[in-house]
Each structure stands twice: as structure tokens, then as C-alpha cells.
$ cat work.txt   # compact mmCIF, C-alpha atoms
# COMPACT_ATOMS: atom_id res chain seq x y z
CA MET A 1 85.05 -54.57 -56.21
CA ASP A 2 84.01 -56.00 -52.84
CA ASP A 3 81.97 -58.76 -54.50
CA VAL A 4 84.93 -59.86 -56.60
CA LEU A 5 87.33 -59.79 -53.65
CA ALA A 6 84.86 -61.59 -51.39
CA ALA A 7 84.65 -64.44 -53.90
CA GLN A 8 88.44 -64.66 -54.00
CA LEU A 9 88.59 -64.69 -50.20
CA ALA A 10 86.05 -67.51 -50.13
CA ALA A 11 88.29 -69.49 -52.48
CA CYS A 12 91.21 -68.90 -50.10
CA ASP A 13 89.08 -70.21 -47.24
CA GLN A 14 88.18 -73.34 -49.15
CA ALA A 15 91.82 -74.04 -50.00
CA GLY A 16 92.99 -73.48 -46.42
CA LEU A 17 95.01 -70.45 -47.52
CA ARG A 18 93.17 -67.60 -45.76
CA ARG A 19 95.45 -65.48 -43.62
CA ARG A 20 94.39 -63.25 -40.74
CA LEU A 21 96.09 -60.67 -38.59
CA VAL A 22 96.05 -61.77 -34.95
CA VAL A 23 97.06 -59.36 -32.21
CA THR A 24 100.18 -60.79 -30.55
CA ASP A 25 101.73 -59.29 -27.43
CA PRO A 26 105.32 -60.50 -26.82
CA ASP A 27 106.24 -61.68 -23.33
CA GLY A 28 109.83 -62.94 -23.39
CA SER A 29 109.85 -66.45 -24.88
CA TYR A 30 106.03 -66.39 -24.78
CA VAL A 31 103.33 -64.37 -26.47
CA LEU A 32 99.85 -63.36 -25.41
CA ARG A 33 97.56 -64.25 -28.30
CA SER A 34 93.78 -64.58 -28.42
CA GLY A 35 93.65 -64.48 -24.65
CA ARG A 36 96.20 -67.25 -24.15
CA ARG A 37 99.85 -67.32 -23.10
CA LEU A 38 101.74 -69.42 -25.67
CA LEU A 39 105.34 -70.58 -25.96
CA ASN A 40 106.58 -68.63 -28.99
CA LEU A 41 108.32 -70.86 -31.54
CA SER A 42 107.45 -68.67 -34.52
CA SER A 43 109.61 -65.59 -33.96
CA ASN A 44 112.78 -64.60 -35.77
CA ASN A 45 114.12 -62.92 -32.63
CA TYR A 46 116.97 -65.43 -32.64
CA LEU A 47 119.29 -63.69 -30.19
CA GLY A 48 116.49 -62.67 -27.85
CA LEU A 49 117.32 -58.98 -28.18
CA ALA A 50 113.98 -57.54 -29.27
CA ASP A 51 112.96 -56.64 -25.71
CA HIS A 52 116.40 -56.55 -24.08
CA PRO A 53 116.65 -53.83 -21.37
CA ALA A 54 119.81 -52.35 -22.90
CA LEU A 55 118.11 -51.86 -26.26
CA LYS A 56 115.03 -50.33 -24.67
CA GLU A 57 117.17 -47.92 -22.67
CA ALA A 58 119.15 -46.94 -25.77
CA ALA A 59 115.89 -46.32 -27.62
CA ARG A 60 114.53 -44.21 -24.75
CA GLU A 61 117.65 -42.05 -24.58
CA ALA A 62 117.66 -41.53 -28.35
CA ALA A 63 114.00 -40.49 -28.36
CA GLU A 64 114.69 -37.96 -25.62
CA ARG A 65 117.72 -36.59 -27.47
CA TYR A 66 116.50 -36.62 -31.08
CA GLY A 67 112.72 -37.03 -30.92
CA THR A 68 110.55 -39.78 -32.36
CA GLY A 69 111.24 -39.51 -36.09
CA ALA A 70 113.92 -38.63 -38.62
CA GLY A 71 111.64 -35.99 -40.13
CA ALA A 72 112.74 -36.46 -43.74
CA SER A 73 114.47 -38.77 -46.17
CA ARG A 74 118.16 -39.48 -45.63
CA LEU A 75 119.23 -37.26 -48.55
CA VAL A 76 117.32 -34.26 -47.24
CA THR A 77 117.67 -33.83 -43.46
CA GLY A 78 116.96 -37.38 -42.21
CA HIS A 79 120.56 -38.63 -42.04
CA LEU A 80 120.92 -38.50 -38.28
CA PRO A 81 124.25 -38.86 -36.42
CA LEU A 82 123.03 -42.23 -35.13
CA ALA A 83 122.57 -43.48 -38.70
CA ALA A 84 126.16 -42.62 -39.60
CA GLU A 85 127.41 -44.26 -36.40
CA LEU A 86 125.41 -47.41 -37.07
CA GLU A 87 126.63 -47.70 -40.65
CA GLU A 88 130.25 -47.38 -39.55
CA ALA A 89 129.67 -50.07 -36.90
CA VAL A 90 128.10 -52.41 -39.45
CA ALA A 91 131.03 -52.00 -41.85
CA ARG A 92 133.51 -52.85 -39.08
CA TRP A 93 131.43 -55.86 -38.06
CA LYS A 94 131.13 -57.16 -41.62
CA GLY A 95 134.72 -56.36 -42.54
CA THR A 96 133.72 -54.19 -45.52
CA GLU A 97 134.63 -50.69 -46.62
CA ALA A 98 131.17 -49.28 -46.01
CA ALA A 99 127.53 -50.02 -45.23
CA VAL A 100 124.15 -48.35 -45.54
CA VAL A 101 121.04 -48.90 -43.43
CA PHE A 102 117.54 -49.52 -44.81
CA THR A 103 114.20 -49.55 -43.01
CA SER A 104 113.73 -53.31 -43.51
CA GLY A 105 115.13 -56.31 -45.33
CA TYR A 106 112.29 -56.06 -47.82
CA ALA A 107 113.10 -52.42 -48.52
CA ALA A 108 116.76 -53.29 -48.99
CA ASN A 109 116.15 -56.03 -51.54
CA VAL A 110 113.61 -54.11 -53.60
CA GLY A 111 115.95 -51.12 -53.62
CA VAL A 112 119.34 -52.73 -54.20
CA ILE A 113 118.56 -55.10 -57.07
CA PRO A 114 116.99 -52.46 -59.38
CA ALA A 115 119.91 -50.16 -58.58
CA LEU A 116 122.36 -52.76 -59.90
CA VAL A 117 120.60 -54.24 -62.93
CA GLY A 118 117.99 -53.26 -65.50
CA ARG A 119 116.65 -54.06 -68.95
CA GLY A 120 118.99 -56.31 -70.90
CA ASP A 121 120.65 -57.65 -67.77
CA VAL A 122 120.13 -61.10 -66.23
CA VAL A 123 119.50 -62.03 -62.60
CA PHE A 124 120.00 -65.65 -61.53
CA SER A 125 117.91 -66.41 -58.45
CA ASP A 126 117.54 -69.54 -56.35
CA ARG A 127 113.98 -70.85 -56.60
CA LEU A 128 113.54 -70.65 -52.83
CA ASN A 129 114.77 -67.09 -52.43
CA HIS A 130 112.68 -64.76 -50.29
CA ALA A 131 109.76 -62.90 -51.88
CA SER A 132 111.55 -59.58 -51.43
CA ILE A 133 114.34 -60.79 -53.74
CA VAL A 134 111.81 -61.87 -56.33
CA ASP A 135 110.04 -58.50 -56.14
CA GLY A 136 113.34 -56.66 -56.44
CA ILE A 137 114.11 -58.57 -59.63
CA VAL A 138 110.67 -57.83 -61.06
CA LEU A 139 111.08 -54.12 -60.32
CA SER A 140 114.50 -54.10 -61.99
CA ARG A 141 113.01 -55.23 -65.33
CA ALA A 142 116.05 -57.47 -65.80
CA HIS A 143 115.57 -60.97 -67.19
CA HIS A 144 114.71 -63.22 -64.24
CA VAL A 145 116.28 -66.70 -64.46
CA ARG A 146 115.55 -69.10 -61.60
CA TYR A 147 117.81 -72.04 -60.86
CA ARG A 148 116.86 -75.16 -58.92
CA HIS A 149 117.38 -74.84 -55.20
CA ASN A 150 121.10 -74.98 -54.36
CA ASP A 151 121.74 -76.71 -57.70
CA VAL A 152 125.12 -75.40 -58.80
CA GLU A 153 125.20 -77.47 -61.98
CA HIS A 154 121.84 -76.06 -63.09
CA LEU A 155 123.05 -72.53 -62.36
CA GLU A 156 126.17 -73.06 -64.43
CA HIS A 157 124.07 -74.38 -67.31
CA LEU A 158 122.00 -71.19 -67.19
CA LEU A 159 125.04 -68.94 -66.91
CA LYS A 160 126.50 -70.50 -70.05
CA LYS A 161 123.34 -69.56 -71.98
CA ALA A 162 123.35 -65.91 -70.86
CA PRO A 163 124.46 -63.26 -73.38
CA ARG A 164 128.12 -62.41 -72.88
CA GLU A 165 127.48 -58.68 -73.03
CA ALA A 166 124.73 -58.77 -70.38
CA ARG A 167 125.39 -57.73 -66.80
CA LYS A 168 124.88 -60.83 -64.68
CA LEU A 169 123.85 -60.89 -61.00
CA ILE A 170 123.49 -64.03 -58.88
CA VAL A 171 121.27 -63.57 -55.82
CA THR A 172 120.77 -66.05 -53.01
CA ASP A 173 119.70 -66.28 -49.42
CA ALA A 174 122.58 -67.37 -47.19
CA VAL A 175 120.18 -69.36 -44.99
CA PHE A 176 116.76 -70.00 -46.53
CA SER A 177 113.98 -68.67 -44.35
CA MET A 178 111.51 -71.54 -44.76
CA ASP A 179 113.95 -74.47 -44.94
CA GLY A 180 116.80 -73.39 -42.68
CA ASP A 181 119.45 -74.80 -45.04
CA ALA A 182 122.47 -72.89 -46.32
CA ALA A 183 123.47 -71.83 -49.82
CA PRO A 184 126.67 -73.31 -51.33
CA LEU A 185 128.41 -69.94 -51.25
CA GLU A 186 131.88 -71.22 -52.08
CA ASP A 187 130.55 -72.81 -55.26
CA LEU A 188 128.57 -69.67 -56.13
CA VAL A 189 131.69 -67.54 -55.76
CA ALA A 190 133.58 -69.87 -58.10
CA LEU A 191 130.79 -69.64 -60.68
CA LYS A 192 130.42 -65.88 -60.54
CA GLU A 193 134.15 -65.47 -61.06
CA ARG A 194 134.18 -67.97 -63.93
CA TYR A 195 131.32 -66.27 -65.78
CA GLY A 196 131.93 -62.63 -64.87
CA ALA A 197 128.87 -62.25 -62.67
CA TRP A 198 128.28 -60.37 -59.42
CA LEU A 199 127.06 -62.10 -56.27
CA MET A 200 124.51 -60.72 -53.78
CA VAL A 201 123.89 -62.66 -50.55
CA ASP A 202 120.91 -62.10 -48.24
CA GLU A 203 122.13 -62.81 -44.69
CA ALA A 204 118.79 -62.08 -42.98
CA HIS A 205 118.68 -65.49 -41.28
CA SER A 206 122.42 -65.99 -40.75
CA ALA A 207 123.74 -62.63 -39.56
CA GLY A 208 123.99 -62.68 -35.80
CA LEU A 209 123.98 -66.48 -35.73
CA LEU A 210 126.86 -67.70 -37.89
CA GLY A 211 130.48 -66.72 -38.40
CA PRO A 212 133.00 -64.80 -36.31
CA ARG A 213 131.22 -62.34 -34.00
CA GLY A 214 128.00 -63.43 -35.67
CA ALA A 215 128.99 -61.65 -38.88
CA GLY A 216 127.19 -64.23 -41.03
CA LEU A 217 127.79 -67.14 -43.38
CA VAL A 218 129.88 -65.11 -45.82
CA ALA A 219 132.32 -64.27 -43.03
CA ALA A 220 132.19 -67.83 -41.67
CA LEU A 221 133.46 -69.11 -45.04
CA GLY A 222 136.07 -66.38 -45.43
CA LEU A 223 134.36 -64.95 -48.50
CA THR A 224 133.94 -61.31 -47.50
CA GLU A 225 136.19 -59.96 -50.24
CA ALA A 226 134.65 -62.26 -52.86
CA VAL A 227 130.99 -61.30 -52.35
CA GLU A 228 130.10 -57.94 -53.87
CA VAL A 229 126.86 -57.32 -51.98
CA GLN A 230 125.95 -58.46 -48.47
CA MET A 231 122.46 -57.62 -47.28
CA GLY A 232 121.21 -58.53 -43.81
CA THR A 233 119.11 -57.64 -40.81
CA PHE A 234 119.93 -57.11 -37.15
CA SER A 235 118.93 -60.64 -36.05
CA LYS A 236 115.38 -59.99 -37.22
CA ALA A 237 114.71 -57.65 -34.31
CA LEU A 238 115.38 -54.26 -35.93
CA GLY A 239 116.23 -52.74 -39.33
CA ALA A 240 118.43 -53.89 -42.22
CA TYR A 241 121.73 -53.05 -43.90
CA VAL A 242 123.75 -53.53 -47.06
CA ALA A 243 127.54 -53.88 -46.75
CA GLY A 244 130.21 -53.83 -49.44
CA SER A 245 132.68 -51.54 -51.15
CA ARG A 246 132.58 -47.77 -50.74
CA THR A 247 131.74 -47.48 -54.44
CA LEU A 248 128.75 -49.83 -54.06
CA ILE A 249 127.36 -47.91 -51.09
CA ASP A 250 127.86 -44.55 -52.82
CA TRP A 251 125.96 -45.90 -55.83
CA LEU A 252 123.07 -47.16 -53.70
CA VAL A 253 122.74 -43.73 -52.14
CA GLN A 254 122.22 -42.43 -55.69
CA ARG A 255 119.89 -45.11 -57.08
CA ALA A 256 118.25 -47.33 -54.44
CA ARG A 257 114.75 -45.88 -54.56
CA SER A 258 113.62 -47.46 -51.27
CA LEU A 259 116.47 -45.54 -49.60
CA VAL A 260 116.30 -42.28 -51.55
CA TYR A 261 112.54 -41.84 -51.24
CA SER A 262 111.98 -43.19 -47.71
CA THR A 263 112.03 -41.26 -44.46
CA GLY A 264 115.04 -42.19 -42.37
CA LEU A 265 114.71 -44.69 -39.54
CA PRO A 266 113.50 -43.25 -36.22
CA PRO A 267 116.27 -42.38 -33.74
CA ALA A 268 115.04 -45.00 -31.27
CA VAL A 269 115.42 -47.77 -33.86
CA LEU A 270 118.91 -46.64 -34.83
CA ALA A 271 120.06 -46.52 -31.21
CA ALA A 272 118.51 -49.89 -30.41
CA SER A 273 120.20 -51.38 -33.48
CA LEU A 274 123.56 -50.08 -32.33
CA SER A 275 123.04 -51.54 -28.87
CA GLY A 276 121.90 -54.88 -30.31
CA LEU A 277 124.87 -55.06 -32.66
CA ARG A 278 127.23 -54.61 -29.73
CA LEU A 279 125.52 -57.30 -27.67
CA ALA A 280 125.45 -59.72 -30.60
CA GLN A 281 129.24 -59.51 -30.78
CA GLU A 282 129.95 -59.40 -27.04
CA GLU A 283 127.68 -62.28 -26.02
CA PRO A 284 128.37 -65.27 -28.28
CA TRP A 285 126.40 -67.54 -25.94
CA ARG A 286 123.21 -66.17 -27.49
CA ARG A 287 123.85 -67.60 -30.94
CA GLU A 288 125.38 -70.77 -29.54
CA LYS A 289 122.32 -71.44 -27.41
CA ALA A 290 119.80 -70.79 -30.21
CA LEU A 291 121.67 -73.12 -32.58
CA ASP A 292 122.08 -75.84 -29.95
CA LEU A 293 118.38 -75.80 -29.10
CA ALA A 294 117.41 -76.02 -32.76
CA ALA A 295 119.73 -79.01 -33.21
CA ARG A 296 118.18 -80.71 -30.17
CA PHE A 297 114.66 -80.21 -31.51
CA ARG A 298 115.62 -81.34 -35.02
CA ALA A 299 117.18 -84.54 -33.66
CA ALA A 300 114.11 -85.37 -31.57
CA LEU A 301 111.71 -85.02 -34.51
CA ARG A 302 113.97 -86.94 -36.86
CA ALA A 303 114.28 -89.79 -34.36
CA ALA A 304 110.49 -90.02 -34.38
CA GLY A 305 110.46 -90.37 -38.17
CA LEU A 306 109.14 -86.90 -38.97
CA ALA A 307 110.17 -85.01 -42.10
CA VAL A 308 112.34 -82.14 -40.93
CA GLY A 309 114.75 -79.94 -42.84
CA GLU A 310 118.51 -80.00 -42.49
CA GLY A 311 120.63 -76.94 -41.91
CA PRO A 312 123.03 -74.99 -39.72
CA SER A 313 120.42 -72.47 -38.57
CA ALA A 314 117.93 -71.86 -35.77
CA ILE A 315 115.09 -72.76 -38.18
CA VAL A 316 113.54 -76.24 -38.13
CA PRO A 317 110.76 -76.87 -40.68
CA LEU A 318 108.39 -79.77 -40.03
CA ILE A 319 107.02 -80.73 -43.45
CA VAL A 320 103.47 -82.10 -43.39
CA GLY A 321 102.41 -81.67 -47.04
CA ILE A 322 98.96 -80.21 -47.50
CA SER A 323 97.75 -76.95 -46.00
CA ALA A 324 94.89 -78.53 -44.06
CA ALA A 325 97.31 -80.87 -42.28
CA ALA A 326 99.66 -78.01 -41.39
CA LEU A 327 96.75 -76.04 -39.94
CA ALA A 328 95.58 -79.06 -37.95
CA VAL A 329 99.02 -79.63 -36.41
CA SER A 330 99.33 -75.93 -35.62
CA ARG A 331 95.94 -75.95 -33.85
CA ALA A 332 96.88 -79.07 -31.89
CA LEU A 333 100.07 -77.41 -30.69
CA GLU A 334 98.20 -74.27 -29.72
CA GLU A 335 95.91 -76.39 -27.57
CA GLN A 336 99.10 -77.50 -25.78
CA GLY A 337 100.15 -73.89 -25.25
CA ILE A 338 102.65 -73.72 -28.13
CA LEU A 339 102.62 -71.23 -31.00
CA ALA A 340 103.99 -72.74 -34.21
CA VAL A 341 102.42 -71.04 -37.21
CA ALA A 342 101.49 -73.06 -40.30
CA ILE A 343 103.33 -71.92 -43.43
CA ARG A 344 101.40 -72.57 -46.63
CA PRO A 345 101.58 -71.79 -50.36
CA PRO A 346 102.42 -69.41 -51.93
CA THR A 347 105.06 -68.81 -49.24
CA VAL A 348 106.30 -72.37 -49.83
CA PRO A 349 105.81 -74.63 -52.88
CA GLU A 350 102.61 -76.65 -53.29
CA GLY A 351 102.67 -79.90 -51.35
CA THR A 352 105.25 -78.66 -48.82
CA ALA A 353 103.06 -76.91 -46.23
CA ARG A 354 104.83 -76.98 -42.92
CA LEU A 355 105.25 -75.73 -39.42
CA ARG A 356 108.27 -73.49 -39.19
CA PHE A 357 109.82 -73.71 -35.73
CA SER A 358 112.48 -71.16 -34.82
CA PHE A 359 114.54 -71.05 -31.66
CA SER A 360 115.92 -68.23 -29.61
CA ALA A 361 118.38 -67.57 -26.82
CA LEU A 362 115.27 -66.99 -24.70
CA HIS A 363 114.24 -70.66 -24.90
CA ASP A 364 115.55 -73.53 -22.79
CA LYS A 365 115.83 -77.32 -23.12
CA GLY A 366 112.51 -77.83 -21.35
CA ASP A 367 110.79 -75.70 -24.00
CA VAL A 368 112.41 -77.74 -26.75
CA ASP A 369 111.51 -81.12 -25.28
CA ARG A 370 107.90 -80.11 -24.59
CA ALA A 371 107.47 -78.79 -28.11
CA ALA A 372 109.03 -81.91 -29.63
CA ARG A 373 106.66 -84.22 -27.73
CA ALA A 374 103.66 -82.11 -28.72
CA ALA A 375 104.67 -82.04 -32.41
CA ILE A 376 105.23 -85.80 -32.51
CA ASP A 377 101.84 -86.42 -30.90
CA ALA A 378 100.09 -84.04 -33.28
CA VAL A 379 101.56 -85.68 -36.37
CA ARG A 380 100.77 -89.14 -34.98
CA ALA A 381 97.14 -88.06 -34.52
CA LEU A 382 97.01 -87.32 -38.26
CA GLY A 383 98.37 -90.76 -39.10
CA GLY A 384 101.97 -89.63 -39.54
CA PRO A 385 105.10 -91.77 -39.08
CA ALA A 386 105.83 -90.97 -35.45
CA THR A 387 105.85 -94.00 -33.18
$ encode --input "work.txt" --output "C-alpha cells"
Amino acid sequence: MDDVLAAQLAACDQAGLRRRLVVTDPDGSYVLRSGRRLLNLSSNNYLGLADHPALKEAAREAAERYGTGAGASRLVTGHLPLAAELEEAVARWKGTEAAVVFTSGYAANVGVIPALVGRGDVVFSDRLNHASIVDGIVLSRAHHVRYRHNDVEHLEHLLKKAPREARKLIVTDAVFSMDGDAAPLEDLVALKERYGAWLMVDEAHSAGLLGPRGAGLVAALGLTEAVEVQMGTFSKALGAYVAGSRTLIDWLVQRARSLVYSTGLPPAVLAASLSGLRLAQEEPWRREKALDLAARFRAALRAAGLAVGEGPSAIVPLIVGISAAALAVSRALEEQGILAVAIRPPTVPEGTARLRFSFSALHDKGDVDRAARAAIDAVRALGGPAT
């Protein structure tokens, strides 16, 4: 086995696709990595809450009160009082009848989709949806139909071809994790109603940042009652949730295998999530700052002629094309004390390797301007369009 895998790893090396785990110690808006202190522009800690003192104190108090683990799955004895409190708080925040908490966004997607659809059903998925959505569809054994990214006309064409008797589920990211652009949710709602489908929206990169009280893109567009399933994470710092009708949540408790057969979240995580959810709503400056800084960075790179993605999010992708070029730009930035990780296939399509910059309430304008100058210089060094 080792010989076969070693040959495959060598092929990854040759293609510039080898990945390695690197110990990274967070330090506010910086990280300590390979012995260096680097400005962190690769985190999804958008609201800057991952190491907030209030969350750490809440986690400490919960550990002292309840211990360090749930001790069992939620349906046995692992449904702690903090879990019930958090789920009630999420439902109020999202404006839904109920909510349920999962250990991660990945666990939510691979549990929810197979609970809703199965053999003979059809799932319509945006081509750029997160891997966890794709894996959830595969596990469901439903027919997987992919539509071109944000192409409503293509989706409608595919919906027309679906068997009338089949259960139909449309699944999309609200904000796409590698491009930072938003799904056309209003159009998707119109289509799902026209063709009798259900709609599931992954708010992992929009909850906390968009909408009233940071409730997400669905809430921002006034579509809460029209979207059957809202999945999201707590600003990428903690666990995940699914929000919707009481009937939906009751059904997931019966059939979402990643919930039924997983140990409940540790008390410290539940308490920290509750504290973070409160802060996300009480301190709107956090999301405003992260979005403003991303817009500033995006404008600077675009003015220099670089290929950057559009979107309403805190994510700014710098598209460089081939994997080797993305790695070279990433190394050049690291030499300047900036961590911007290269994203390569299969995470993104072939020919679209990129640096994915993400901004946080912990950053400031000086960080943005320094990173923009370094990125422009690095692309220029490779013969790019910056002048």
C-alpha cells in the first residue's frame, strides 16, 4: 500500500498539488507559523470572535459547571441544557420556528441532505457548492444534477427535465467560499416554487456578516419564510446549525445520521457559541468593518489590473491561473510577513488556482494596504498585469 500511495504523492508534488499540515498558532490578526509571525489573511474568523475574552470566559465557566465533554450522543444523554439554550437562541436570531446544532458545517450538510432525499429523488446543486454539499448528495443516493454557477436559466432547464413525481431539492451556498460572490436567492425561490422543489441554503460564509443582526443573506433578502432549510456556522469560529420549521428539525433529529450518531458538542463550545452569537448581534461594527476592509482590498487590486472576484462578502479571491503561480505568489507574500494560502484544484476548478484573502474585524486599513501592495508586487514579478 505504501508504495502505491507514495507514487500518488509524488504525482501530487509534480503537479504542485501536495498539501501539508503546518502547525499554526493564532495571535489575534497574526499567526505564528514555521517560526514566523505572519499577518493572517487566510482565516474565516470574520468577526474576530475566535479568541474573544468573553467567549473564553464562557467556555471556562461551562467546563467548570458541566465538564469537558457531552459524554454521549444527543439522543442518549448528550443533550445538555446549553445545547437547548443555543438552539432556541439560533431560532430567534434566524426568525424560524426551531433550530438544531451540529458539530460542524460539514457534519450538517452530510447529515441533512440524506435525511431529506434518497433514491429516486433529484438534487440540483450549483457547480461551485462546497465539498460537504457534494458529499451529502452522494451519501443520499439521490440523482445529482449540477447547474452552471449562478445560472438560473440552466437550472430551470434542468428542473423541467426532472420527473414530476420525484422529490426535488435545490442546494446552494449563499456566499461561495472560494469566490466570495452571492447566490441569486430570489430567483432560486421563484424557481423552486414554480417547479415544486425545496430550497436549502448554506449560510456558512454569510451568517454573521450579512442581513439584519448578521442573520445572513436569506434574512437580508426577506426570504426566511420561503427557504425551507437554512444551514450555517457561527462566523466560522465555532459549530454549526440548521434552522427551519419545527417539523423539519424534528425530522432531522430522527434521520440526520451525523447528528444521531455523534457525541454532542462539548459544553465549552456550546457556551462559547452562545456568547459569540450575542456579540455578533450586539456589535454590528464587526461585520461592517470586515466588509469595508474587503472592499478596500478588492478595489486596490482591481485598480492594478489584477483578476479579483466580485461579491458582497469578506472574501477576495486573487485568480492567478495555474497552481505553480499561486504557490509562487503565496511564498512571495510570506516573505513579506503575510499569510495568504494558495487554493488549488480540486478545491477550485482547473486553471483557476488563486490566493483566497479573507478579512476580519481584527484587521485594520494598514493591514489591507500593506497586503495589497505586496500582492501587486508579487503578481508583477510573475509577469502579471499590475503596473
$ atom_distance --input "work.txt" --atom1 "CA of Ile113 (chain A)" --atom2 "CA of Val229 (chain A)"
10.0 Å
$ closest_residue --input "work.txt" --among "A:Leu274, A:Leu301, A:Ala280, A:Pro26" --to "Leu39 (chain A)" --atoms "all atoms listed in the file"
A:Pro26
$ residues_around --input "work.txt" --residues "region 5-17 of chain A" --least-positions-apart "3" --cutoff "6 Å" --atoms "all atoms listed in the file" --output "MDAnalysis selection string"
chainID A and resid 2 323:324
$ closest_residue --input "work.txt" --among "A:Gly366, A:Gly180, A:Gly239, A:Gly305" --to "Pro267 (chain A)" --atoms "all atoms listed in the file"
A:Gly239
$ closest_residue --input "work.txt" --among "A:Val134, A:Ala271, A:Ile170, A:Val189" --to "Gly111 (chain A)" --atoms "all atoms listed in the file"
A:Val134
$ closest_residue --input "work.txt" --among "A:Leu318, A:Val101, A:Leu21, A:Val123" --to "Arg146 (chain A)" --atoms "only C-alpha atoms"
A:Val123
$ residues_around --input "work.txt" --residues "Ala63 (chain A)" --least-positions-apart "4" --cutoff "12 Å" --atoms "all atoms listed in the file" --output "list in words"
Lys56, Glu57, Ala58, Ala59, Gly67, Thr68, Gly69, Ala70, Leu82, Leu265, Pro266, Pro267, Ala268, Val269, Leu270, Ala271 and Ala272 of chain A
